[in-house]
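Enquirer: I'm passing along entry_30.txt; it holds compact mmCIF, C-alpha atoms.
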# COMPACT_ATOMS: atom_id res chain seq x y z
CA MET A 1 28.20 -31.88 1.21
CA ASN A 2 25.43 -33.86 2.82
CA GLN A 3 21.97 -34.18 1.35
CA ARG A 4 20.28 -32.25 4.15
CA LEU A 5 22.45 -29.16 3.61
CA ALA A 6 21.98 -29.39 -0.16
CA ARG A 7 18.18 -29.43 0.22
CA LEU A 8 18.34 -26.54 2.67
CA LEU A 9 20.32 -24.47 0.17
CA ILE A 10 17.97 -25.37 -2.67
CA SER A 11 14.95 -24.38 -0.54
CA ALA A 12 16.31 -20.81 -0.49
CA TYR A 13 15.61 -20.51 -4.22
CA PRO A 14 12.16 -19.46 -5.54
CA HIS A 15 9.59 -22.19 -6.19
CA TRP A 16 9.73 -21.90 -9.97
CA TRP A 17 13.53 -22.27 -9.87
CA ARG A 18 13.38 -25.37 -7.66
CA GLN A 19 10.82 -26.94 -10.01
CA ARG A 20 13.02 -26.33 -13.02
CA TYR A 21 16.56 -26.92 -11.70
CA GLY A 22 16.22 -28.47 -8.23
CA VAL A 23 17.01 -32.12 -8.98
CA GLU A 24 20.05 -31.39 -11.15
CA PHE A 25 21.35 -28.73 -8.78
CA GLU A 26 21.02 -31.08 -5.82
CA ALA A 27 23.07 -33.69 -7.68
CA LEU A 28 25.69 -31.05 -8.46
CA LEU A 29 25.86 -29.92 -4.84
CA LEU A 30 26.21 -33.51 -3.62
CA ALA A 31 29.06 -34.09 -6.07
CA GLU A 32 30.96 -30.95 -4.96
CA SER A 33 33.13 -30.70 -1.87
CA GLY A 34 31.03 -27.87 -0.45
CA GLY A 35 33.59 -25.41 0.87
CA PHE A 36 32.55 -22.16 2.51
CA GLY A 37 33.05 -20.24 -0.75
CA ASN A 38 30.64 -22.54 -2.59
CA LEU A 39 28.05 -22.23 0.18
CA ALA A 40 28.32 -18.44 0.06
CA ASP A 41 27.96 -18.45 -3.74
CA VAL A 42 24.86 -20.63 -3.62
CA ALA A 43 23.28 -18.46 -0.91
CA ARG A 44 24.10 -15.26 -2.84
CA SER A 45 22.62 -16.73 -6.02
CA ALA A 46 19.46 -17.75 -4.20
CA ILE A 47 18.99 -14.23 -2.85
CA ARG A 48 19.64 -12.79 -6.30
CA GLU A 49 17.05 -15.09 -7.90
CA ARG A 50 14.48 -14.11 -5.28
CA ILE A 51 15.09 -10.41 -5.91
CA ILE A 52 15.40 -10.32 -9.70
CA SER A 53 12.72 -12.79 -10.77
CA PRO A 54 10.74 -14.11 -7.82
CA ASN A 55 7.80 -15.26 -9.97
CA GLY A 56 9.69 -16.92 -12.77
CA PRO A 57 11.71 -16.23 -15.88
CA ASP A 58 8.66 -14.89 -17.73
CA GLU A 59 8.41 -12.02 -15.29
CA PRO A 60 10.44 -8.90 -16.09
CA ALA A 61 14.10 -9.24 -15.27
CA PHE A 62 14.09 -5.99 -13.33
CA PRO A 63 11.09 -5.25 -11.10
CA PHE A 64 9.79 -1.70 -10.93
CA GLY A 65 11.24 -1.14 -7.47
CA LEU A 66 14.73 -1.96 -8.69
CA VAL A 67 14.45 0.41 -11.64
CA ALA A 68 12.83 3.25 -9.69
CA THR A 69 15.35 3.21 -6.86
CA ARG A 70 18.39 3.76 -9.05
CA PRO A 71 19.99 7.18 -8.49
CA SER A 72 19.60 8.03 -12.16
CA ALA A 73 15.86 7.45 -11.73
CA PHE A 74 15.02 9.34 -8.56
CA LEU A 75 17.62 12.14 -8.57
CA PRO A 76 16.07 13.98 -11.57
CA VAL A 77 12.69 13.89 -9.81
CA ALA A 78 14.27 15.17 -6.61
CA MET A 79 16.09 17.93 -8.50
CA SER A 80 12.86 19.02 -10.20
CA LEU A 81 11.04 19.11 -6.88
CA MET A 82 13.89 21.12 -5.36
CA ALA A 83 13.68 23.56 -8.28
CA LEU A 84 9.93 23.85 -7.75
CA SER A 85 10.48 24.54 -4.06
CA VAL A 86 13.00 27.29 -4.97
CA VAL A 87 10.36 28.94 -7.18
CA ILE A 88 7.64 28.64 -4.53
CA PHE A 89 9.94 29.98 -1.82
CA HIS A 90 10.94 32.91 -4.03
CA LEU A 91 7.28 33.68 -4.78
CA PHE A 92 6.39 33.43 -1.10
CA VAL A 93 9.18 35.76 0.02
CA TYR A 94 9.41 38.25 -2.87
CA GLY A 95 6.12 37.88 -4.72
CA ILE A 96 5.68 38.10 -8.49
CA ALA A 97 7.62 41.35 -8.83
CA ARG A 98 9.91 41.31 -11.85
CA GLU A 99 13.56 41.99 -11.28
CA ALA A 100 15.97 43.77 -13.63
CA ASP A 101 18.48 40.95 -13.32
CA GLU A 102 17.94 37.27 -12.76
CA GLY A 103 18.41 36.64 -9.09
CA THR A 104 19.98 33.81 -7.18
CA ALA A 105 16.75 31.81 -7.22
CA ALA A 106 16.68 31.85 -11.02
CA HIS A 107 20.26 30.66 -11.23
CA ILE A 108 19.65 27.85 -8.73
CA TRP A 109 16.55 26.82 -10.70
CA GLN A 110 18.53 26.77 -13.95
CA ILE A 111 21.35 24.72 -12.44
CA LEU A 112 18.92 22.19 -11.00
CA MET A 113 16.97 21.84 -14.24
CA ALA A 114 20.04 21.62 -16.48
CA GLY A 115 21.90 19.38 -14.06
CA GLN A 116 19.35 16.63 -14.35
CA LEU A 117 19.76 16.24 -18.12
CA PRO A 118 22.91 14.07 -17.88
CA LEU A 119 21.18 11.90 -15.29
CA LEU A 120 18.16 11.52 -17.58
CA ALA A 121 20.43 10.54 -20.47
CA LEU A 122 22.23 7.99 -18.29
CA PHE A 123 18.91 6.53 -17.17
CA VAL A 124 17.61 6.24 -20.73
CA ILE A 125 20.81 4.66 -22.02
CA LYS A 126 21.10 2.18 -19.18
CA TRP A 127 17.54 1.21 -18.29
CA LEU A 128 15.34 1.69 -21.36
CA PRO A 129 16.78 -1.34 -23.20
CA ARG A 130 16.76 -3.50 -20.04
CA ALA A 131 13.28 -2.78 -18.69
CA PRO A 132 11.34 -0.69 -21.21
CA ARG A 133 7.92 -0.79 -19.54
CA TYR A 134 9.15 0.23 -16.10
CA SER A 135 11.66 2.75 -17.33
CA LEU A 136 8.96 4.49 -19.37
CA CYS A 137 6.91 4.82 -16.17
CA VAL A 138 9.91 6.33 -14.40
CA LEU A 139 10.55 8.66 -17.37
CA ALA A 140 6.92 9.80 -17.24
CA THR A 141 7.40 10.64 -13.56
CA GLN A 142 10.61 12.50 -14.32
CA VAL A 143 8.99 14.52 -17.12
CA SER A 144 5.96 15.29 -14.95
CA ALA A 145 8.18 16.59 -12.16
CA ALA A 146 10.15 18.74 -14.62
CA LEU A 147 6.95 20.16 -16.11
CA ALA A 148 5.62 20.88 -12.63
CA SER A 149 8.77 22.85 -11.93
CA MET A 150 8.58 24.73 -15.22
CA ALA A 151 4.87 25.57 -15.01
CA PRO A 152 5.07 28.44 -12.47
CA VAL A 153 8.01 29.99 -14.33
CA TYR A 154 6.12 29.85 -17.63
CA LEU A 155 2.70 30.85 -16.33
CA LEU A 156 3.93 33.74 -14.18
CA LYS A 157 6.55 34.77 -16.75
CA LEU A 158 9.25 34.95 -14.10
As a first step, turn the structure in this file into structure tokens.

Expert:
Amino acid sequence: MNQRLARLLISAYPHWWRQRYGVEFEALLLAESGGFGNLADVARSAIRERIISPNGPDEPAFPFGLVATRPSAFLPVAMSLMALSVVIFHLFVYGIAREADEGTAAHIWQILMAGQLPLLALFVIKWLPRAPRYSLCVLATQVSAALASMAPVYLLKL
């Protein structure tokens, strides 16, 4: 591998990484044969470093965006909001009138609220140890959405 290509590959890494490892990594790249597989690995690693810790190793390993966009993070919020919309739609169409039997809306609400519990457990098990600060923010959002869905049911005694 020529020196120009090695420096180009190293420039893809974040600044803090180049400061810390640049000289040694350049020597390693110059010593290697530089096949296509090695080039792809170096490029993939550079992208990964830019995504996971763009500002240095002291920054959290998982940024908030990465934690919040996991399905186990946003699906419980979406399910709570869907349950809330079922309650609001039912109130809009049928009013507050009590029914002798739980209707379809109540069953859908129960399925949506109970169905998110395994997702919440998965999120807590997987992300709380890895990124505690950000996962607590996501958990607060999830709990707030669940409480927002439960509030009309509790307050109107549906």

Enquirer: To test the calculation: enclose all listed atoms of region 19-30 of chain A in a box whose edges run along x, y and z, add 3 Å on each side, then state centre and edge lengths in Å to one decimal, as lines of an AutoDock Vina configuration file.

Expert:
center_x = 18.5
center_y = -30.0
center_z = -8.3
size_x = 21.4
size_y = 13.4
size_z = 15.4

Enquirer: Report as a count of residues only all protein, DNA and RNA residues lying within 9 Å of region 117-122 of chain A, evaluated on all atoms listed in the file, omitting residues in the same chain fewer than 2 positions from it.

Expert: 14

Enquirer: Could you tell me how far CA of Tyr134 (chain A) lies from CA of Phe64 (chain A), in Å and to one decimal?

Expert: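 Going from CA of Tyr134 (chain A) over to CA of Phe64 (chain A), I get 5.6 Å.
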
Enquirer: As a short mmCIF file (atom, residue, chain, number, x, y, z; two decimals) with C-alpha atoms, keeping the file's coordinate frame, please: the residues near region 2-10 of chain A (cut-off 7 Å, only C-alpha atoms, same-chain neighbours under 5 positions excluded).

Expert:
data_model
loop_
_atom_site.label_atom_id
_atom_site.label_comp_id
_atom_site.auth_asym_id
_atom_site.auth_seq_id
_atom_site.Cartn_x
_atom_site.Cartn_y
_atom_site.Cartn_z
CA ARG A 18 13.38 -25.37 -7.66
CA GLY A 22 16.22 -28.47 -8.23
CA GLU A 26 21.02 -31.08 -5.82
CA LEU A 29 25.86 -29.92 -4.84
CA LEU A 30 26.21 -33.51 -3.62
CA ALA A 43 23.28 -18.46 -0.91
#

Enquirer: Between CA of Ala105 (chain A) and CA of Leu147 (chain A), what distance in Å does the model show, to one decimal?

Expert: 17.6 Å

Enquirer: CA of Val67 (chain A) and CA of Trp109 (chain A), how far apart in Å?

Expert: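 These atoms are spaced 26.5 Å apart.
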
Enquirer: Could you check which of A:Leu66, A:Ile47, A:Ala146, A:Ile108 is closest to Val86 (chain A), using only C-alpha atoms?

Expert: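 Looking only at the distances to Val86 (chain A), the closest residue turns out to be A:Ile108.
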
Enquirer: Could you give me, as a PyMOL selection string, the residues within 9 Å of Lys157 (chain A), counting only C-alpha atoms and dropping anything in the same chain fewer than 4 positions from it?

Expert: chain A and resi 96+98+152-153

Enquirer: Using only C-alpha atoms, give me every residue within 10 Å of (12.8, -21.2, -4.6) in file coordinates, as a list of chain:residue names.

Expert: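 The distance filter leaves exactly A:Leu9, A:Ile10, A:Ser11, A:Ala12, A:Tyr13, A:Pro14, A:His15, A:Trp16, A:Trp17, A:Arg18, A:Gln19, A:Arg20, A:Tyr21, A:Gly22, A:Ala46, A:Ile47, A:Glu49, A:Arg50, A:Pro54, A:Asn55, A:Gly56.
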
Enquirer: So which one's closest to Ala140 (chain A), A:Ala27, A:Val93, A:Phe74, A:Val42? Using only C-alpha atoms, please.

Expert: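 Ranking A:Ala27, A:Val93, A:Phe74, A:Val42 by distance to Ala140 (chain A), first place goes to A:Phe74.
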
Enquirer: Determine the nearest neighbour of Val138 (chain A) from the options A:Ser45, A:Thr69, A:Ser80, A:Asn38, counting all atoms listed in the file.

Expert: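 For Val138 (chain A), the nearest of the candidates is A:Thr69.
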
Enquirer: Which one is closest to Ala145 (chain A): A:Ala68, A:Val23, A:Ile111, A:Leu84? Count only C-alpha atoms.

Expert: A:Leu84
